[in-house]
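Student: Enclosed is the structure file model-v1.txt (compact mmCIF, C-alpha atoms).
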# COMPACT_ATOMS: atom_id res chain seq x y z
CA ARG A 20 -66.32 4.04 -147.85
CA LYS A 21 -64.05 7.04 -148.18
CA GLU A 22 -64.60 9.92 -145.79
CA VAL A 23 -64.96 12.49 -148.55
CA GLU A 24 -65.87 11.47 -152.06
CA GLN A 25 -65.88 13.43 -155.27
CA ASP A 26 -66.39 12.53 -158.89
CA PRO A 27 -62.90 13.05 -160.33
CA GLY A 28 -64.31 14.04 -163.74
CA PRO A 29 -63.07 15.61 -165.88
CA PHE A 30 -66.07 17.79 -166.53
CA ASN A 31 -65.58 19.19 -170.00
CA VAL A 32 -67.84 22.20 -170.64
CA PRO A 33 -68.00 25.09 -173.12
CA GLU A 34 -67.51 28.66 -172.08
CA GLY A 35 -70.69 30.14 -170.68
CA ALA A 36 -72.04 26.84 -169.43
CA THR A 37 -73.29 26.18 -165.92
CA VAL A 38 -71.64 23.27 -164.15
CA ALA A 39 -72.21 21.71 -160.75
CA PHE A 40 -70.11 19.41 -158.60
CA ASN A 41 -71.17 17.40 -155.60
CA CYS A 42 -69.14 16.03 -152.75
CA THR A 43 -70.37 13.51 -150.19
CA TYR A 44 -69.00 12.99 -146.71
CA SER A 45 -69.40 10.14 -144.27
CA ASN A 46 -69.03 11.79 -140.86
CA SER A 47 -72.37 13.27 -139.87
CA ALA A 48 -70.67 15.23 -137.08
CA SER A 49 -68.50 17.19 -139.52
CA GLN A 50 -68.41 20.82 -138.57
CA SER A 51 -67.23 22.97 -141.42
CA PHE A 52 -67.02 22.69 -145.16
CA PHE A 53 -65.04 24.37 -147.89
CA TRP A 54 -64.27 24.35 -151.56
CA TYR A 55 -60.68 24.84 -152.64
CA ARG A 56 -59.35 25.38 -156.11
CA GLN A 57 -56.07 23.86 -157.26
CA ASP A 58 -54.46 24.81 -160.53
CA CYS A 59 -52.04 22.44 -162.19
CA ARG A 60 -48.74 22.26 -160.29
CA LYS A 61 -49.91 24.87 -157.80
CA GLU A 62 -51.02 24.78 -154.18
CA PRO A 63 -54.71 24.62 -153.23
CA LYS A 64 -56.37 27.98 -152.62
CA LEU A 65 -59.49 28.61 -150.61
CA LEU A 66 -62.41 29.31 -152.91
CA MET A 67 -65.28 29.60 -150.47
CA SER A 68 -66.83 28.35 -147.29
CA VAL A 69 -70.05 26.35 -147.41
CA TYR A 70 -73.03 26.97 -145.16
CA SER A 71 -76.43 25.36 -144.83
CA SER A 72 -77.97 28.66 -145.84
CA GLY A 73 -75.91 28.70 -149.01
CA ASN A 74 -73.04 30.92 -149.94
CA GLU A 75 -72.78 32.90 -153.16
CA ASP A 76 -69.74 34.73 -154.49
CA GLY A 77 -70.24 36.11 -157.95
CA ARG A 78 -70.66 33.22 -160.36
CA PHE A 79 -70.02 30.64 -157.64
CA THR A 80 -72.65 29.22 -155.32
CA ALA A 81 -71.94 26.65 -152.62
CA GLN A 82 -74.54 24.71 -150.70
CA LEU A 83 -74.54 22.29 -147.80
CA ASN A 84 -77.12 19.56 -147.29
CA ARG A 85 -76.55 18.10 -143.85
CA ALA A 86 -79.43 15.65 -144.05
CA SER A 87 -78.00 13.99 -147.14
CA GLN A 88 -74.39 14.71 -146.18
CA TYR A 89 -73.23 16.42 -149.31
CA ILE A 90 -71.99 19.79 -150.42
CA SER A 91 -72.26 21.28 -153.86
CA LEU A 92 -70.55 23.91 -155.95
CA LEU A 93 -72.31 25.61 -158.85
CA ILE A 94 -70.40 27.67 -161.38
CA ARG A 95 -72.41 29.86 -163.71
CA ASP A 96 -71.22 31.39 -166.99
CA SER A 97 -68.02 29.33 -166.99
CA LYS A 98 -64.80 31.02 -168.04
CA LEU A 99 -61.69 29.48 -169.51
CA SER A 100 -59.89 30.55 -166.34
CA ASP A 101 -62.20 28.37 -164.26
CA SER A 102 -60.35 25.31 -165.55
CA ALA A 103 -58.82 23.72 -162.47
CA THR A 104 -59.34 20.97 -159.92
CA TYR A 105 -61.92 21.72 -157.24
CA LEU A 106 -61.29 20.12 -153.87
CA CYS A 107 -63.98 19.52 -151.33
CA VAL A 108 -62.85 19.83 -147.70
CA VAL A 109 -64.71 18.62 -144.65
CA THR A 110 -63.51 19.42 -141.14
CA PHE A 111 -64.12 17.61 -137.88
CA LEU A 112 -62.52 18.71 -134.61
CA TYR A 113 -60.39 21.19 -136.55
CA ILE A 114 -58.90 18.41 -138.69
CA PRO A 115 -59.71 18.72 -142.40
CA THR A 116 -60.17 15.87 -144.81
CA PHE A 117 -59.69 16.58 -148.47
CA GLY A 118 -61.51 14.95 -151.33
CA ARG A 119 -59.54 13.84 -154.39
CA GLY A 120 -60.88 16.73 -156.37
CA THR A 121 -63.02 17.23 -159.45
CA SER A 122 -61.31 18.33 -162.62
CA LEU A 123 -63.03 21.01 -164.68
CA ILE A 124 -62.01 21.87 -168.21
CA VAL A 125 -63.69 24.85 -169.83
CA HIS A 126 -63.15 25.03 -173.58
CA PRO A 127 -63.84 27.80 -176.09
CA SER B 13 -54.82 35.28 -146.13
CA ALA B 14 -51.31 34.49 -144.90
CA VAL B 15 -48.21 34.69 -147.06
CA ILE B 16 -46.40 31.37 -146.85
CA SER B 17 -43.06 30.51 -148.35
CA GLN B 18 -41.41 27.14 -148.65
CA LYS B 19 -37.83 26.22 -149.40
CA PRO B 20 -36.71 24.49 -151.51
CA SER B 21 -39.37 24.70 -154.19
CA ARG B 22 -38.13 21.48 -155.71
CA ASP B 23 -35.31 19.01 -155.32
CA ILE B 24 -34.05 15.77 -156.75
CA CYS B 25 -32.49 13.53 -154.14
CA GLN B 26 -30.82 10.18 -154.03
CA ARG B 27 -32.25 7.20 -152.24
CA GLY B 28 -31.13 6.98 -148.62
CA THR B 29 -30.52 10.68 -148.13
CA SER B 30 -32.62 13.19 -146.18
CA LEU B 31 -34.15 16.52 -147.12
CA THR B 32 -35.35 19.28 -144.82
CA ILE B 33 -38.13 21.54 -146.06
CA GLN B 34 -38.68 24.93 -144.48
CA CYS B 35 -41.96 26.78 -144.11
CA GLN B 36 -42.07 30.47 -143.17
CA VAL B 37 -45.26 32.48 -142.57
CA ASP B 38 -45.47 36.26 -142.57
CA SER B 39 -47.70 36.45 -139.50
CA GLN B 40 -48.40 34.49 -136.38
CA VAL B 41 -50.64 31.54 -136.97
CA THR B 42 -52.40 29.17 -134.65
CA MET B 43 -51.75 25.89 -136.36
CA MET B 44 -49.26 24.63 -138.91
CA PHE B 45 -49.64 21.41 -140.84
CA TRP B 46 -47.63 19.34 -143.26
CA TYR B 47 -49.33 17.56 -146.15
CA ARG B 48 -48.24 15.27 -148.94
CA GLN B 49 -49.86 15.17 -152.35
CA GLN B 50 -48.91 12.44 -154.78
CA PRO B 51 -49.73 12.73 -158.47
CA GLY B 52 -53.44 12.52 -159.12
CA GLN B 53 -54.19 12.10 -155.44
CA SER B 54 -55.69 14.28 -152.78
CA LEU B 55 -53.83 15.84 -149.93
CA THR B 56 -52.79 13.54 -147.10
CA LEU B 57 -52.12 15.07 -143.71
CA ILE B 58 -48.74 13.99 -142.37
CA ALA B 59 -48.76 15.81 -139.05
CA THR B 60 -49.65 18.92 -137.10
CA ALA B 61 -46.59 20.93 -136.11
CA ASN B 62 -46.87 22.04 -132.49
CA GLN B 63 -44.88 24.96 -131.22
CA GLY B 64 -42.26 23.90 -128.72
CA SER B 65 -43.36 20.28 -128.52
CA GLU B 66 -43.47 17.12 -130.55
CA ALA B 67 -45.64 17.09 -133.65
CA THR B 68 -48.88 15.13 -133.77
CA TYR B 69 -48.63 12.49 -136.48
CA GLU B 70 -51.43 10.92 -138.48
CA SER B 71 -51.81 7.21 -138.91
CA GLY B 72 -49.11 5.84 -141.20
CA PHE B 73 -46.59 8.58 -140.49
CA VAL B 74 -43.88 8.40 -137.81
CA ILE B 75 -41.44 10.82 -136.29
CA ASP B 76 -38.37 8.82 -137.28
CA LYS B 77 -39.29 9.12 -140.94
CA PHE B 78 -40.74 12.66 -140.88
CA PRO B 79 -39.23 14.64 -138.02
CA ILE B 80 -40.85 18.05 -137.65
CA SER B 81 -39.81 21.14 -135.78
CA ARG B 82 -41.71 24.30 -134.94
CA PRO B 83 -39.53 26.56 -132.82
CA ASN B 84 -41.89 29.56 -133.02
CA LEU B 85 -45.28 30.67 -134.30
CA THR B 86 -44.15 31.46 -137.84
CA PHE B 87 -41.64 28.76 -138.80
CA SER B 88 -41.59 25.00 -139.20
CA THR B 89 -39.46 22.35 -140.86
CA LEU B 90 -40.26 18.90 -142.17
CA THR B 91 -37.48 16.41 -142.81
CA VAL B 92 -38.01 13.45 -145.11
CA SER B 93 -35.50 10.90 -143.84
CA ASN B 94 -33.84 7.94 -145.51
CA MET B 95 -35.72 8.66 -148.71
CA SER B 96 -36.96 6.09 -151.19
CA PRO B 97 -38.63 6.63 -154.57
CA GLU B 98 -42.02 6.18 -152.87
CA ASP B 99 -41.39 9.47 -151.07
CA SER B 100 -41.49 11.34 -154.37
CA SER B 101 -44.35 13.76 -153.91
CA ILE B 102 -45.29 17.36 -153.34
CA TYR B 103 -44.99 18.40 -149.71
CA LEU B 104 -47.16 21.31 -148.64
CA CYS B 105 -47.08 23.45 -145.54
CA SER B 106 -50.46 24.76 -144.42
CA VAL B 107 -51.51 27.20 -141.72
CA ARG B 108 -54.53 28.52 -139.92
CA ARG B 109 -54.58 32.14 -138.88
CA VAL B 110 -55.52 33.56 -135.53
CA GLY B 111 -59.26 34.24 -135.65
CA SER B 112 -59.94 31.80 -138.49
CA PRO B 113 -60.00 28.40 -136.84
CA TYR B 114 -61.16 26.47 -139.87
CA GLU B 115 -59.85 28.16 -143.00
CA GLN B 116 -56.48 26.92 -144.19
CA TYR B 117 -53.88 28.46 -146.42
CA PHE B 118 -51.17 26.60 -148.25
CA GLY B 119 -47.59 27.24 -149.14
CA PRO B 120 -46.47 26.81 -152.75
CA GLY B 121 -45.21 23.30 -152.06
CA THR B 122 -41.94 21.46 -152.44
CA ARG B 123 -41.73 19.05 -155.33
CA LEU B 124 -39.49 16.16 -154.32
CA THR B 125 -38.17 13.51 -156.66
CA VAL B 126 -36.19 10.60 -155.23
CA THR B 127 -34.06 8.61 -157.62
Could you quickly redo this structure as structure tokens?

Tutor:
Amino acid sequence: RKEVEQDPGPFNVPEGATVAFNCTYSNSASQSFFWYRQDCRKEPKLLMSVYSSGNEDGRFTAQLNRASQYISLLIRDSKLSDSATYLCVVTFLYIPTFGRGTSLIVHP
Amino acid sequence: SAVISQKPSRDICQRGTSLTIQCQVDSQVTMMFWYRQQPGQSLTLIATANQGSEATYESGFVIDKFPISRPNLTFSTLTVSNMSPEDSSIYLCSVRRVGSPYEQYFGPGTRLTVT
């Protein structure tokens, strides 16, 4: 079983739609969690941290479920510019493990 | 966030040669890392660059193949030695800032093609 698993997609959604991604992790002692965004041929960029209490930033909401060992990212009112690959990152002892990413395509 | 630059941004190299990639950060950072990302794959950690001492390598990566230097808190180099086509990949420098022990920031990457 991979340490961090994501559905690679692609998720193909119309503008304005709500879309959600999940990411599961295998190490129950993992300490911190993040979502990164990576545009085509660009470096990953930190999107947001993920907490058990939830974290909202505008149209983006991230959630952590420690009991079930998954994190989620919800994007509301999708924009064309949201098209990218979303990487889940799980950290243990300061060492991060990246998921393969979920591809999102928002179309007009 | 930290401003990170990498040189070169891309290169095409012949089999058997070596390439050194530089990473420069605009502020002091606590940790510097080198990653590899092959097409359609996630990021794979090569090693943690330690200031003034030998890098800490992940399983599957060795110093002879990927020597790393970090002479100060803002600069590091990764050398890809004796290259083969399997080394074709994007190599990314990543840092953590003082006061942010978990958040990581990435350089723009070096796109390497080995022929």

Student: Could you list, with a cut-off of 10 Å and counting all atoms listed in the file, the residues of chain B near chain A, each shown with its nearest atom pair and the distance in Å rounded to one decimal, rows sorted by chain and ascending number, as JSON lines?

Tutor:
{"residue": "B:Ser13", "atom": "CA", "partner": "A:Leu65", "partner_atom": "CA", "distance": 9.3}
{"residue": "B:Met43", "atom": "CA", "partner": "A:Tyr113", "partner_atom": "CA", "distance": 9.8}
{"residue": "B:Phe45", "atom": "CA", "partner": "A:Ile114", "partner_atom": "CA", "distance": 10.0}
{"residue": "B:Gln49", "atom": "CA", "partner": "A:Glu62", "partner_atom": "CA", "distance": 9.9}
{"residue": "B:Pro51", "atom": "CA", "partner": "A:Arg60", "partner_atom": "CA", "distance": 9.8}
{"residue": "B:Gly52", "atom": "CA", "partner": "A:Arg119", "partner_atom": "CA", "distance": 7.8}
{"residue": "B:Gln53", "atom": "CA", "partner": "A:Arg119", "partner_atom": "CA", "distance": 5.7}
{"residue": "B:Ser54", "atom": "CA", "partner": "A:Arg119", "partner_atom": "CA", "distance": 4.2}
{"residue": "B:Leu55", "atom": "CA", "partner": "A:Phe117", "partner_atom": "CA", "distance": 6.1}
{"residue": "B:Thr56", "atom": "CA", "partner": "A:Phe117", "partner_atom": "CA", "distance": 7.7}
{"residue": "B:Leu57", "atom": "CA", "partner": "A:Thr116", "partner_atom": "CA", "distance": 8.2}
{"residue": "B:Thr60", "atom": "CA", "partner": "A:Ile114", "partner_atom": "CA", "distance": 9.4}
{"residue": "B:Ile102", "atom": "CA", "partner": "A:Arg60", "partner_atom": "CA", "distance": 9.2}
{"residue": "B:Tyr103", "atom": "CA", "partner": "A:Glu62", "partner_atom": "CA", "distance": 9.9}
{"residue": "B:Leu104", "atom": "CA", "partner": "A:Glu62", "partner_atom": "CA", "distance": 7.6}
{"residue": "B:Cys105", "atom": "CA", "partner": "A:Glu62", "partner_atom": "CA", "distance": 9.6}
{"residue": "B:Ser106", "atom": "CA", "partner": "A:Glu62", "partner_atom": "CA", "distance": 9.8}
{"residue": "B:Arg108", "atom": "CA", "partner": "A:Tyr113", "partner_atom": "CA", "distance": 10.0}
{"residue": "B:Pro113", "atom": "CA", "partner": "A:Tyr113", "partner_atom": "CA", "distance": 7.2}
{"residue": "B:Tyr114", "atom": "CA", "partner": "A:Tyr113", "partner_atom": "CA", "distance": 6.3}
{"residue": "B:Glu115", "atom": "CA", "partner": "A:Leu65", "partner_atom": "CA", "distance": 7.6}
{"residue": "B:Gln116", "atom": "CA", "partner": "A:Leu65", "partner_atom": "CA", "distance": 7.3}
{"residue": "B:Tyr117", "atom": "CA", "partner": "A:Lys64", "partner_atom": "CA", "distance": 6.7}
{"residue": "B:Phe118", "atom": "CA", "partner": "A:Glu62", "partner_atom": "CA", "distance": 6.2}
{"residue": "B:Gly119", "atom": "CA", "partner": "A:Glu62", "partner_atom": "CA", "distance": 6.6}
{"residue": "B:Pro120", "atom": "CA", "partner": "A:Glu62", "partner_atom": "CA", "distance": 5.2}
{"residue": "B:Gly121", "atom": "CA", "partner": "A:Glu62", "partner_atom": "CA", "distance": 6.4}
{"residue": "B:Thr122", "atom": "CA", "partner": "A:Glu62", "partner_atom": "CA", "distance": 9.8}
{"residue": "B:Arg123", "atom": "CA", "partner": "A:Arg60", "partner_atom": "CA", "distance": 9.2}

Student: Between CA of Ser102 in chain A and CA of Asn74 in chain A, what is the distance, to one decimal in Å?

Tutor: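 Atom-to-atom, CA of Ser102 in chain A and CA of Asn74 in chain A are spaced 20.9 Å apart.
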
Student: Name the closest residue to Ala61 in chain B among the candidates B:Val126, B:Ile75, B:Cys35, B:Met44; distances are taken between atoms, counting only C-alpha atoms.

Tutor: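 Among B:Val126, B:Ile75, B:Cys35, B:Met44, it is B:Met44 that comes nearest to Ala61 in chain B.
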
Student: Interatomic distance between CA of Gly73 in chain A and CA of Trp54 in chain A?

Tutor: 12.7 Å

Student: Using only C-alpha atoms, pick whichever of B:Ser65, B:Thr125, B:Ser112, B:Thr42 has the shortest atom-to-atom distance to Leu85 in chain B.

Tutor: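 Closest to Leu85 in chain B, using only C-alpha atoms: B:Thr42.
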
Student: Interatomic distance between CA of Arg85 in chain A and CA of Leu66 in chain A?

Tutor: 20.2 Å

Student: Excluding same-chain residues fewer than 6 positions from Pro97 in chain B, what lies within 12 Å of it counting all atoms listed in the file, as a list of chain:residue names?

Tutor: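 Counting only the stated atoms, we get B:Ile24, B:Cys25, B:Gln26, B:Arg27, B:Gly28, B:Thr29, B:Gln50, B:Leu124, B:Thr125, B:Val126, B:Thr127.
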
Student: Which residue, B:Glu98, B:Asp76, B:Asp38, B:Glu70, has the smallest gap to Ala14 in chain B when you use all atoms listed in the file?

Tutor: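 Closest to Ala14 in chain B of all the choices is B:Asp38.
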